[in-house]
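Source file model.cif; content: mmCIF, C-alpha atoms and all ligand atoms.
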```
data_model
loop_
_atom_site.label_atom_id
_atom_site.label_comp_id
_atom_site.auth_asym_id
_atom_site.auth_seq_id
_atom_site.Cartn_x
_atom_site.Cartn_y
_atom_site.Cartn_z
CA MET A 1270 -71.15 -7.28 54.45
CA LYS A 1271 -69.46 -5.36 51.70
CA GLY A 1272 -65.72 -4.67 51.59
CA LYS A 1273 -64.23 -1.18 51.48
CA PHE A 1274 -63.10 0.55 48.30
CA ILE A 1275 -60.10 2.89 48.52
CA VAL A 1276 -58.79 4.95 45.59
CA ILE A 1277 -55.51 6.85 45.21
CA GLU A 1278 -55.45 9.68 42.68
CA GLY A 1279 -52.87 12.20 41.51
CA ILE A 1280 -50.89 13.36 38.50
CA ASP A 1281 -48.14 11.19 37.01
CA GLY A 1282 -45.11 10.75 39.25
CA CYS A 1283 -46.94 11.61 42.50
CA GLY A 1284 -45.94 8.26 44.06
CA LYS A 1285 -49.27 6.40 43.97
CA THR A 1286 -47.65 3.05 43.24
CA THR A 1287 -45.22 3.31 46.17
CA GLN A 1288 -47.94 4.38 48.56
CA ILE A 1289 -50.26 1.59 47.45
CA GLU A 1290 -47.45 -0.88 48.18
CA GLU A 1291 -46.97 0.65 51.65
CA LEU A 1292 -50.72 0.66 52.38
CA SER A 1293 -51.15 -2.92 51.24
CA LYS A 1294 -48.38 -4.04 53.61
CA TRP A 1295 -49.97 -2.21 56.54
CA LEU A 1296 -53.70 -2.82 56.05
CA PRO A 1297 -53.86 -6.63 56.47
CA ASN A 1298 -52.38 -6.36 60.00
CA SER A 1299 -54.21 -3.18 60.94
CA GLY A 1300 -57.20 -4.96 62.48
CA LEU A 1301 -59.53 -3.11 60.07
CA LEU A 1302 -60.21 -6.05 57.76
CA GLU A 1303 -62.30 -8.98 58.89
CA LYS A 1304 -60.49 -12.32 59.19
CA GLU A 1305 -61.86 -13.80 55.97
CA SER A 1306 -61.43 -10.60 53.92
CA ARG A 1307 -58.66 -10.33 51.36
CA LEU A 1308 -57.01 -7.17 50.14
CA ILE A 1309 -56.88 -6.63 46.39
CA THR A 1310 -54.71 -3.99 44.77
CA THR A 1311 -55.51 -3.00 41.22
CA ARG A 1312 -55.22 -0.13 38.78
CA GLU A 1313 -56.74 1.78 35.88
CA PRO A 1314 -56.22 1.44 33.06
CA GLY A 1315 -55.30 -2.24 33.05
CA GLY A 1316 -56.91 -3.87 36.08
CA SER A 1317 -58.70 -6.64 34.15
CA LEU A 1318 -57.50 -9.06 31.45
CA LEU A 1319 -59.21 -7.06 28.70
CA GLY A 1320 -57.99 -3.90 30.45
CA LYS A 1321 -54.36 -4.97 30.07
CA LYS A 1322 -54.86 -5.05 26.29
CA LEU A 1323 -56.72 -1.73 26.39
CA ARG A 1324 -53.92 -0.17 28.45
CA ARG A 1325 -51.38 -1.01 25.75
CA LEU A 1326 -53.66 0.53 23.09
CA ILE A 1327 -54.49 3.64 25.10
CA LEU A 1328 -50.93 4.48 26.13
CA ASP A 1329 -49.25 3.57 22.83
CA ASN A 1330 -46.90 6.40 21.93
CA ASN A 1331 -47.02 5.75 18.18
CA GLU A 1332 -48.42 8.91 16.58
CA ASN A 1333 -50.38 6.80 14.02
CA ASN A 1334 -52.31 5.06 16.81
CA LYS A 1335 -53.29 8.26 18.62
CA PRO A 1336 -57.04 8.13 19.40
CA SER A 1337 -59.31 11.16 19.15
CA SER A 1338 -60.23 12.71 22.51
CA LEU A 1339 -63.67 11.12 22.38
CA ALA A 1340 -62.27 7.69 21.52
CA GLU A 1341 -59.76 8.09 24.37
CA LEU A 1342 -62.58 8.90 26.80
CA LEU A 1343 -64.53 5.83 25.68
CA LEU A 1344 -61.47 3.55 25.85
CA TYR A 1345 -60.78 4.56 29.46
CA SER A 1346 -64.48 4.08 30.16
CA ALA A 1347 -64.50 0.61 28.56
CA ASP A 1348 -61.48 -0.34 30.67
CA ARG A 1349 -63.33 0.82 33.79
CA ALA A 1350 -66.62 -0.92 32.93
CA GLU A 1351 -64.74 -4.22 32.57
CA HIS A 1352 -62.63 -3.56 35.68
CA ILE A 1353 -65.73 -2.95 37.80
CA SER A 1354 -67.69 -5.93 36.41
CA LYS A 1355 -64.86 -8.46 36.60
CA ILE A 1356 -62.67 -7.31 39.49
CA ILE A 1357 -64.02 -4.55 41.75
CA SER A 1358 -67.70 -5.49 42.23
CA PRO A 1359 -67.08 -9.23 42.79
CA ALA A 1360 -64.35 -8.45 45.34
CA LEU A 1361 -66.46 -5.94 47.29
CA LYS A 1362 -69.45 -8.30 47.28
CA ASN A 1363 -67.18 -10.98 48.72
CA ASN A 1364 -66.32 -8.62 51.61
CA ASP A 1365 -62.80 -8.13 50.25
CA TRP A 1366 -61.14 -4.70 50.30
CA VAL A 1367 -59.99 -3.06 47.09
CA ILE A 1368 -57.31 -0.40 46.60
CA SER A 1369 -57.32 1.07 43.11
CA ASP A 1370 -54.58 3.16 41.55
CA ARG A 1371 -56.93 5.69 39.83
CA PHE A 1372 -60.70 5.53 39.19
CA CYS A 1373 -63.51 7.64 37.63
CA ASP A 1374 -62.13 11.03 38.66
CA SER A 1375 -58.93 10.47 36.67
CA THR A 1376 -61.20 10.60 33.62
CA LEU A 1377 -62.80 13.81 34.83
CA ALA A 1378 -59.36 15.35 35.49
CA TYR A 1379 -57.50 14.14 32.35
CA GLN A 1380 -60.22 13.96 29.69
CA GLY A 1381 -62.45 16.67 31.22
CA TYR A 1382 -60.15 19.36 32.59
CA GLY A 1383 -57.14 18.23 30.51
CA ARG A 1384 -58.75 17.61 27.10
CA ASN A 1385 -61.68 20.02 27.57
CA ILE A 1386 -64.39 17.40 26.99
CA ASN A 1387 -67.68 18.61 28.50
CA LEU A 1388 -67.69 17.63 32.19
CA GLU A 1389 -71.40 16.80 32.22
CA ILE A 1390 -70.95 14.34 29.33
CA ILE A 1391 -68.12 12.64 31.23
CA LYS A 1392 -70.16 12.50 34.44
CA ASN A 1393 -73.09 10.96 32.56
CA ILE A 1394 -70.88 8.29 30.98
CA GLN A 1395 -69.21 7.53 34.32
CA SER A 1396 -72.57 7.16 36.06
CA ILE A 1397 -73.33 4.30 33.63
CA VAL A 1398 -69.81 2.85 33.74
CA CYS A 1399 -69.52 2.83 37.55
CA GLN A 1400 -72.55 0.56 38.04
CA GLY A 1401 -73.12 1.97 41.52
CA GLU A 1402 -69.58 1.34 42.80
CA TYR A 1403 -68.04 4.47 44.31
CA PRO A 1404 -64.98 4.74 46.56
CA ASP A 1405 -65.44 4.80 50.34
CA LEU A 1406 -62.28 6.86 50.60
CA THR A 1407 -60.09 8.70 48.08
CA PHE A 1408 -56.59 10.03 48.72
CA PHE A 1409 -55.17 12.75 46.49
CA LEU A 1410 -51.38 12.80 46.42
CA GLU A 1411 -50.58 16.35 45.46
CA ILE A 1412 -47.39 17.46 43.68
CA SER A 1413 -46.81 20.35 41.32
CA PRO A 1414 -46.71 19.71 37.55
CA GLU A 1415 -43.07 20.92 37.59
CA GLU A 1416 -42.13 18.30 40.21
CA SER A 1417 -44.05 15.64 38.29
CA ILE A 1418 -41.97 16.32 35.18
CA LEU A 1419 -38.70 16.49 37.15
CA ARG A 1420 -39.38 13.14 38.87
CA ARG A 1421 -39.96 11.41 35.51
CA LYS A 1422 -37.08 12.97 33.58
CA ASN A 1423 -35.21 9.64 33.20
CA GLU A 1424 -38.28 7.56 32.28
CA VAL A 1425 -39.66 6.82 28.82
CA PRO A 1426 -43.04 8.65 28.86
CA ASP A 1427 -46.28 6.97 27.72
CA ARG A 1428 -48.64 8.84 25.38
CA ILE A 1429 -50.43 10.79 28.12
CA GLU A 1430 -47.21 11.54 29.98
CA SER A 1431 -45.79 13.03 26.75
CA GLU A 1432 -48.42 15.79 26.74
CA GLY A 1433 -46.23 18.37 28.51
CA ILE A 1434 -46.62 20.90 31.29
CA LYS A 1435 -49.65 22.89 30.04
CA PHE A 1436 -51.79 19.75 29.85
CA LEU A 1437 -50.55 18.60 33.26
CA GLN A 1438 -51.36 21.99 34.79
CA LYS A 1439 -54.96 21.73 33.58
CA VAL A 1440 -55.24 18.17 34.90
CA ASN A 1441 -53.77 19.20 38.26
CA GLU A 1442 -56.15 22.14 38.61
CA GLY A 1443 -58.99 19.75 37.78
CA PHE A 1444 -57.90 17.31 40.46
CA LYS A 1445 -57.77 20.13 43.02
CA ILE A 1446 -61.33 21.22 42.18
CA ILE A 1447 -62.63 17.63 42.37
CA ALA A 1448 -60.75 17.02 45.65
CA LYS A 1449 -62.51 20.02 47.23
CA GLU A 1450 -65.93 19.08 45.84
CA LYS A 1451 -65.66 15.48 47.02
CA ASN A 1452 -63.89 16.10 50.30
CA TRP A 1453 -60.91 13.87 49.44
CA LYS A 1454 -58.00 13.36 51.81
CA VAL A 1455 -55.37 15.62 50.27
CA ILE A 1456 -51.76 14.75 51.10
CA SER A 1457 -48.66 16.64 50.04
CA ALA A 1458 -46.67 14.14 48.02
CA SER A 1459 -43.51 16.25 48.17
CA GLN A 1460 -42.84 14.81 51.64
CA ASN A 1461 -40.76 11.67 52.21
CA ILE A 1462 -42.30 8.25 51.58
CA LYS A 1463 -42.64 7.32 55.27
CA THR A 1464 -44.32 10.61 56.25
CA ILE A 1465 -46.86 10.18 53.45
CA SER A 1466 -47.59 6.56 54.31
CA ASN A 1467 -48.03 7.45 58.01
CA GLN A 1468 -50.55 10.11 57.02
CA ILE A 1469 -52.44 7.70 54.80
P1 LIG B 1501 -50.80 5.45 35.32
O1 LIG B 1501 -49.49 5.84 34.72
O2 LIG B 1501 -51.12 6.17 36.59
O3 LIG B 1501 -50.99 3.97 35.39
O4 LIG B 1501 -51.95 5.96 34.30
C1 LIG B 1501 -51.77 5.91 32.95
C2 LIG B 1501 -52.07 7.23 32.31
O5 LIG B 1501 -53.45 7.28 31.95
C3 LIG B 1501 -51.80 8.44 33.19
O6 LIG B 1501 -51.04 9.39 32.43
C4 LIG B 1501 -53.16 9.03 33.46
C5 LIG B 1501 -54.00 8.54 32.29
N1 LIG B 1501 -55.44 8.36 32.57
C6 LIG B 1501 -56.35 9.15 31.90
O7 LIG B 1501 -55.98 10.02 31.11
N2 LIG B 1501 -57.68 8.93 32.12
C7 LIG B 1501 -58.15 7.96 32.97
O8 LIG B 1501 -59.35 7.79 33.14
C8 LIG B 1501 -57.17 7.14 33.66
C9 LIG B 1501 -57.64 6.05 34.57
C10 LIG B 1501 -55.84 7.38 33.42
#
```
Written form, structure tokens:
Amino acid sequence: MKGKFIVIEGIDGCGKTTQIEELSKWLPNSGLLEKESRLITTREPGGSLLGKKLRRLILDNNENNKPSSLAELLLYSADRAEHISKIISPALKNNDWVISDRFCDSTLAYQGYGRNINLEIIKNIQSIVCQGEYPDLTFFLEISPEESILRRKNEVPDRIESEGIKFLQKVNEGFKIIAKEKNWKVISASQNIKTISNQI
């Protein structure tokens, strides 16, 4: 038996991390997992050992280290290839469940819709990178770009978070299109934490 693969997507500040914490407290006692199955929570970028190094490189705010859009796409893809090979696939094969904070469609939303890289090129790269592992269920936590910026006003932004509202609007529109195409569970993330976690 193969474990289940759950992904949570959304723009920065939508509350993915909090909801993953809530879900990972609830799931082990939900009766859904088999007795011997473990629950693994992970994230992109940065879910593997190499990925942690890549995350620092990718999100570095130093203007001199800013990658080109194509290099950025390939760095996120390298992170994912390693994440799938070393963490996600072995866990699922072992009948463990995996919850990932972001996956392939973050690349389509941020580098595709956000950076205007050709969507077909991204899809082709992701079809190689994903090695046949696709989520069983994806939740999209939806907030407006304005709310995203407001929620993060006291935080030091990483390189992607520094892009500003226009970029975020394009990413958000992208996520909405993908959510419709792929029949994701869309949840309004403007609600309180408990209401959202109950819905999930
Ligand atoms: P996080 O803050 O949700 O951990 O994600 C780090 C940033 O990386 C976030 O601003 C979204 C961005 N990102 C992409 O641009 N492309 C991707 O493929 C992924 C996984 C994240």
- Near Leu1419 in chain A, within 12 Å and counting all atoms listed in the file, which residues show up once chain neighbours fewer than 6 positions away are dropped, as a VMD selection string? chain A and resid 1281 to 1283 1412 to 1413 1433 to 1434
Find the nearest atom pair between each residue of chain A and ligand LIG 1501 (chain B) for residues within 6 Å, count all atoms listed in the file, give distances in Å to one decimal, sort rows by chain and ascending number, and present the table as a tab-separated table.
```
residue	atom	partner	partner_atom	distance
A:Asp1281	CA	B:LIG1501	O6	5.7
A:Glu1313	CA	B:LIG1501	C9	4.6
A:Pro1314	CA	B:LIG1501	C9	5.1
A:Tyr1345	CA	B:LIG1501	O8	5.1
A:Arg1371	CA	B:LIG1501	C9	5.3
A:Phe1372	CA	B:LIG1501	C9	5.6
A:Ser1375	CA	B:LIG1501	O8	4.5
A:Thr1376	CA	B:LIG1501	O8	3.4
A:Tyr1379	CA	B:LIG1501	O7	4.6
A:Gln1380	CA	B:LIG1501	O7	6.0
A:Ile1429	CA	B:LIG1501	O6	4.6
A:Glu1430	CA	B:LIG1501	O6	5.0
```
- Item | Within 10 Å of range 1301-1305 of chain A using only C-alpha atoms, minus same-chain residues under 3 positions, as a count of residues only | 10
- For Gln1288 in chain A, the nearest of the candidates A:Ser1466, A:Asn1334, A:Ser1431, A:Gln1395, counting all atoms listed in the file: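 Closest candidate: A:Ser1466.
Here CA of Leu1361 in chain A and CA of Gly1320 in chain A stand 19.0 Å from one another.
The protein and nucleic acid residues lying at most 12 Å from Leu1406 in chain A are Lys1273, Phe1274, Ile1275, Val1276, Ile1277, Glu1278, Trp1366, Val1367, Ile1368, Ser1369, Phe1372, Tyr1403, Phe1409, Ala1448, Lys1451, Asn1452, Trp1453, Lys1454, Val1455 and Ile1469 of chain A, with only C-alpha atoms considered and sequence neighbours fewer than 3 positions away removed.
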- Message: Quick one: residues within 12 Å of Gly1401 in chain A, only C-alpha atoms, excluding same-chain residues fewer than 3 positions away - as a list of chain:residue names?
- Response: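 So the residues in contact are A:Ala1350, A:Ile1353, A:Ser1354, A:Ile1357, A:Ser1358, A:Leu1361, A:Cys1373, A:Gln1395, A:Ser1396, A:Ile1397, A:Val1398, A:Pro1404.
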- Task: Just the residues within 12 Å of Lys1321 in chain A, please, counting only C-alpha atoms, with nothing from its chain fewer than 2 positions along; format it as a ChimeraX atom specification.
- Result: /A:1311-1319,1323-1328,1344-1345,1347-1349,1351-1352
Write the residues of the selection above to a file with C-alpha atoms, as a PDB file, in the frame of the given file.
```pdb
ATOM      1  CA  THR A1311     -55.510  -3.000  41.220  1.00  0.00           C
ATOM      2  CA  ARG A1312     -55.220  -0.130  38.780  1.00  0.00           C
ATOM      3  CA  GLU A1313     -56.740   1.780  35.880  1.00  0.00           C
ATOM      4  CA  PRO A1314     -56.220   1.440  33.060  1.00  0.00           C
ATOM      5  CA  GLY A1315     -55.300  -2.240  33.050  1.00  0.00           C
ATOM      6  CA  GLY A1316     -56.910  -3.870  36.080  1.00  0.00           C
ATOM      7  CA  SER A1317     -58.700  -6.640  34.150  1.00  0.00           C
ATOM      8  CA  LEU A1318     -57.500  -9.060  31.450  1.00  0.00           C
ATOM      9  CA  LEU A1319     -59.210  -7.060  28.700  1.00  0.00           C
ATOM     10  CA  LEU A1323     -56.720  -1.730  26.390  1.00  0.00           C
ATOM     11  CA  ARG A1324     -53.920  -0.170  28.450  1.00  0.00           C
ATOM     12  CA  ARG A1325     -51.380  -1.010  25.750  1.00  0.00           C
ATOM     13  CA  LEU A1326     -53.660   0.530  23.090  1.00  0.00           C
ATOM     14  CA  ILE A1327     -54.490   3.640  25.100  1.00  0.00           C
ATOM     15  CA  LEU A1328     -50.930   4.480  26.130  1.00  0.00           C
ATOM     16  CA  LEU A1344     -61.470   3.550  25.850  1.00  0.00           C
ATOM     17  CA  TYR A1345     -60.780   4.560  29.460  1.00  0.00           C
ATOM     18  CA  ALA A1347     -64.500   0.610  28.560  1.00  0.00           C
ATOM     19  CA  ASP A1348     -61.480  -0.340  30.670  1.00  0.00           C
ATOM     20  CA  ARG A1349     -63.330   0.820  33.790  1.00  0.00           C
ATOM     21  CA  GLU A1351     -64.740  -4.220  32.570  1.00  0.00           C
ATOM     22  CA  HIS A1352     -62.630  -3.560  35.680  1.00  0.00           C
TER      23      HIS A1352
END
```
- Query: Given the choices A:Arg1384, A:Lys1435, A:Lys1463, A:Lys1445, which gets closest to Ser1337 in chain A if the distance is worked out from all atoms listed in the file?
  - Reply: A:Arg1384
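Here CA of Gly1279 in chain A stands at a distance of 9.4 Å from CA of Ala1378 in chain A.
Proximity of A:Ile1394, A:Cys1399, A:Ile1386, A:Ile1309 to Lys1294 in chain A, computed with only C-alpha atoms, is greatest for A:Ile1309.
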Would you mind completing range 1365-1387 of chain A to N, CA, C and O atoms and writing the output as a PDB file, keeping the file's coordinate frame?
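In the end it all went to result31.pdb:
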```
ATOM      1  N   ASP A1365     -64.218  -8.453  50.375  1.00  0.00           N
ATOM      2  CA  ASP A1365     -62.800  -8.130  50.250  1.00  0.00           C
ATOM      3  C   ASP A1365     -62.637  -6.617  50.126  1.00  0.00           C
ATOM      4  O   ASP A1365     -63.573  -5.916  49.746  1.00  0.00           O
ATOM      5  N   TRP A1366     -61.445  -6.130  50.448  1.00  0.00           N
ATOM      6  CA  TRP A1366     -61.140  -4.700  50.300  1.00  0.00           C
ATOM      7  C   TRP A1366     -60.381  -4.488  49.002  1.00  0.00           C
ATOM      8  O   TRP A1366     -59.592  -5.348  48.589  1.00  0.00           O
ATOM      9  N   VAL A1367     -60.642  -3.352  48.373  1.00  0.00           N
ATOM     10  CA  VAL A1367     -59.990  -3.060  47.090  1.00  0.00           C
ATOM     11  C   VAL A1367     -59.279  -1.702  47.192  1.00  0.00           C
ATOM     12  O   VAL A1367     -59.868  -0.720  47.657  1.00  0.00           O
ATOM     13  N   ILE A1368     -58.012  -1.686  46.761  1.00  0.00           N
ATOM     14  CA  ILE A1368     -57.310  -0.400  46.600  1.00  0.00           C
ATOM     15  C   ILE A1368     -57.042  -0.234  45.118  1.00  0.00           C
ATOM     16  O   ILE A1368     -56.398  -1.085  44.501  1.00  0.00           O
ATOM     17  N   SER A1369     -57.544   0.849  44.536  1.00  0.00           N
ATOM     18  CA  SER A1369     -57.320   1.070  43.110  1.00  0.00           C
ATOM     19  C   SER A1369     -56.452   2.305  42.860  1.00  0.00           C
ATOM     20  O   SER A1369     -56.684   3.374  43.422  1.00  0.00           O
ATOM     21  N   ASP A1370     -55.443   2.089  42.031  1.00  0.00           N
ATOM     22  CA  ASP A1370     -54.580   3.160  41.550  1.00  0.00           C
ATOM     23  C   ASP A1370     -55.361   3.829  40.413  1.00  0.00           C
ATOM     24  O   ASP A1370     -55.416   3.298  39.307  1.00  0.00           O
ATOM     25  N   ARG A1371     -56.050   4.928  40.724  1.00  0.00           N
ATOM     26  CA  ARG A1371     -56.930   5.690  39.830  1.00  0.00           C
ATOM     27  C   ARG A1371     -58.327   5.063  39.707  1.00  0.00           C
ATOM     28  O   ARG A1371     -58.494   3.853  39.796  1.00  0.00           O
ATOM     29  N   PHE A1372     -59.314   5.951  39.437  1.00  0.00           N
ATOM     30  CA  PHE A1372     -60.700   5.530  39.190  1.00  0.00           C
ATOM     31  C   PHE A1372     -61.383   6.650  38.398  1.00  0.00           C
ATOM     32  O   PHE A1372     -60.695   7.457  37.750  1.00  0.00           O
ATOM     33  N   CYS A1373     -62.705   6.723  38.472  1.00  0.00           N
ATOM     34  CA  CYS A1373     -63.510   7.640  37.630  1.00  0.00           C
ATOM     35  C   CYS A1373     -62.976   9.074  37.555  1.00  0.00           C
ATOM     36  O   CYS A1373     -63.049   9.699  36.490  1.00  0.00           O
ATOM     37  N   ASP A1374     -62.497   9.608  38.668  1.00  0.00           N
ATOM     38  CA  ASP A1374     -62.130  11.030  38.660  1.00  0.00           C
ATOM     39  C   ASP A1374     -60.848  11.300  37.897  1.00  0.00           C
ATOM     40  O   ASP A1374     -60.583  12.455  37.556  1.00  0.00           O
ATOM     41  N   SER A1375     -60.061  10.257  37.584  1.00  0.00           N
ATOM     42  CA  SER A1375     -58.930  10.470  36.670  1.00  0.00           C
ATOM     43  C   SER A1375     -59.480  10.854  35.298  1.00  0.00           C
ATOM     44  O   SER A1375     -58.885  11.663  34.593  1.00  0.00           O
ATOM     45  N   THR A1376     -60.610  10.263  34.914  1.00  0.00           N
ATOM     46  CA  THR A1376     -61.200  10.600  33.620  1.00  0.00           C
ATOM     47  C   THR A1376     -61.701  12.044  33.615  1.00  0.00           C
ATOM     48  O   THR A1376     -61.516  12.777  32.648  1.00  0.00           O
ATOM     49  N   LEU A1377     -62.325  12.433  34.733  1.00  0.00           N
ATOM     50  CA  LEU A1377     -62.800  13.810  34.830  1.00  0.00           C
ATOM     51  C   LEU A1377     -61.614  14.784  34.768  1.00  0.00           C
ATOM     52  O   LEU A1377     -61.660  15.803  34.069  1.00  0.00           O
ATOM     53  N   ALA A1378     -60.517  14.449  35.461  1.00  0.00           N
ATOM     54  CA  ALA A1378     -59.360  15.350  35.490  1.00  0.00           C
ATOM     55  C   ALA A1378     -58.631  15.376  34.138  1.00  0.00           C
ATOM     56  O   ALA A1378     -58.354  16.449  33.603  1.00  0.00           O
ATOM     57  N   TYR A1379     -58.324  14.197  33.573  1.00  0.00           N
ATOM     58  CA  TYR A1379     -57.500  14.140  32.350  1.00  0.00           C
ATOM     59  C   TYR A1379     -58.318  14.449  31.083  1.00  0.00           C
ATOM     60  O   TYR A1379     -57.915  15.267  30.272  1.00  0.00           O
ATOM     61  N   GLN A1380     -59.459  13.748  30.937  1.00  0.00           N
ATOM     62  CA  GLN A1380     -60.220  13.960  29.690  1.00  0.00           C
ATOM     63  C   GLN A1380     -61.126  15.193  29.811  1.00  0.00           C
ATOM     64  O   GLN A1380     -61.392  15.859  28.819  1.00  0.00           O
ATOM     65  N   GLY A1381     -61.599  15.500  31.015  1.00  0.00           N
ATOM     66  CA  GLY A1381     -62.450  16.670  31.220  1.00  0.00           C
ATOM     67  C   GLY A1381     -61.626  17.947  31.283  1.00  0.00           C
ATOM     68  O   GLY A1381     -61.590  18.732  30.340  1.00  0.00           O
ATOM     69  N   TYR A1382     -60.932  18.128  32.406  1.00  0.00           N
ATOM     70  CA  TYR A1382     -60.150  19.360  32.590  1.00  0.00           C
ATOM     71  C   TYR A1382     -58.951  19.412  31.635  1.00  0.00           C
ATOM     72  O   TYR A1382     -58.591  20.461  31.125  1.00  0.00           O
ATOM     73  N   GLY A1383     -58.320  18.260  31.371  1.00  0.00           N
ATOM     74  CA  GLY A1383     -57.140  18.230  30.510  1.00  0.00           C
ATOM     75  C   GLY A1383     -57.475  18.399  29.033  1.00  0.00           C
ATOM     76  O   GLY A1383     -56.930  19.252  28.344  1.00  0.00           O
ATOM     77  N   ARG A1384     -58.417  17.597  28.536  1.00  0.00           N
ATOM     78  CA  ARG A1384     -58.750  17.610  27.100  1.00  0.00           C
ATOM     79  C   ARG A1384     -59.943  18.506  26.757  1.00  0.00           C
ATOM     80  O   ARG A1384     -60.393  18.534  25.614  1.00  0.00           O
ATOM     81  N   ASN A1385     -60.528  19.114  27.768  1.00  0.00           N
ATOM     82  CA  ASN A1385     -61.680  20.020  27.570  1.00  0.00           C
ATOM     83  C   ASN A1385     -62.933  19.322  27.044  1.00  0.00           C
ATOM     84  O   ASN A1385     -63.732  19.935  26.337  1.00  0.00           O
ATOM     85  N   ILE A1386     -63.112  18.047  27.338  1.00  0.00           N
ATOM     86  CA  ILE A1386     -64.390  17.400  26.990  1.00  0.00           C
ATOM     87  C   ILE A1386     -65.412  17.832  28.054  1.00  0.00           C
ATOM     88  O   ILE A1386     -65.069  17.917  29.246  1.00  0.00           O
ATOM     89  N   ASN A1387     -66.628  18.110  27.610  1.00  0.00           N
ATOM     90  CA  ASN A1387     -67.680  18.610  28.500  1.00  0.00           C
ATOM     91  C   ASN A1387     -67.808  17.718  29.762  1.00  0.00           C
ATOM     92  O   ASN A1387     -67.980  16.510  29.672  1.00  0.00           O
TER      93      ASN A1387
END
```
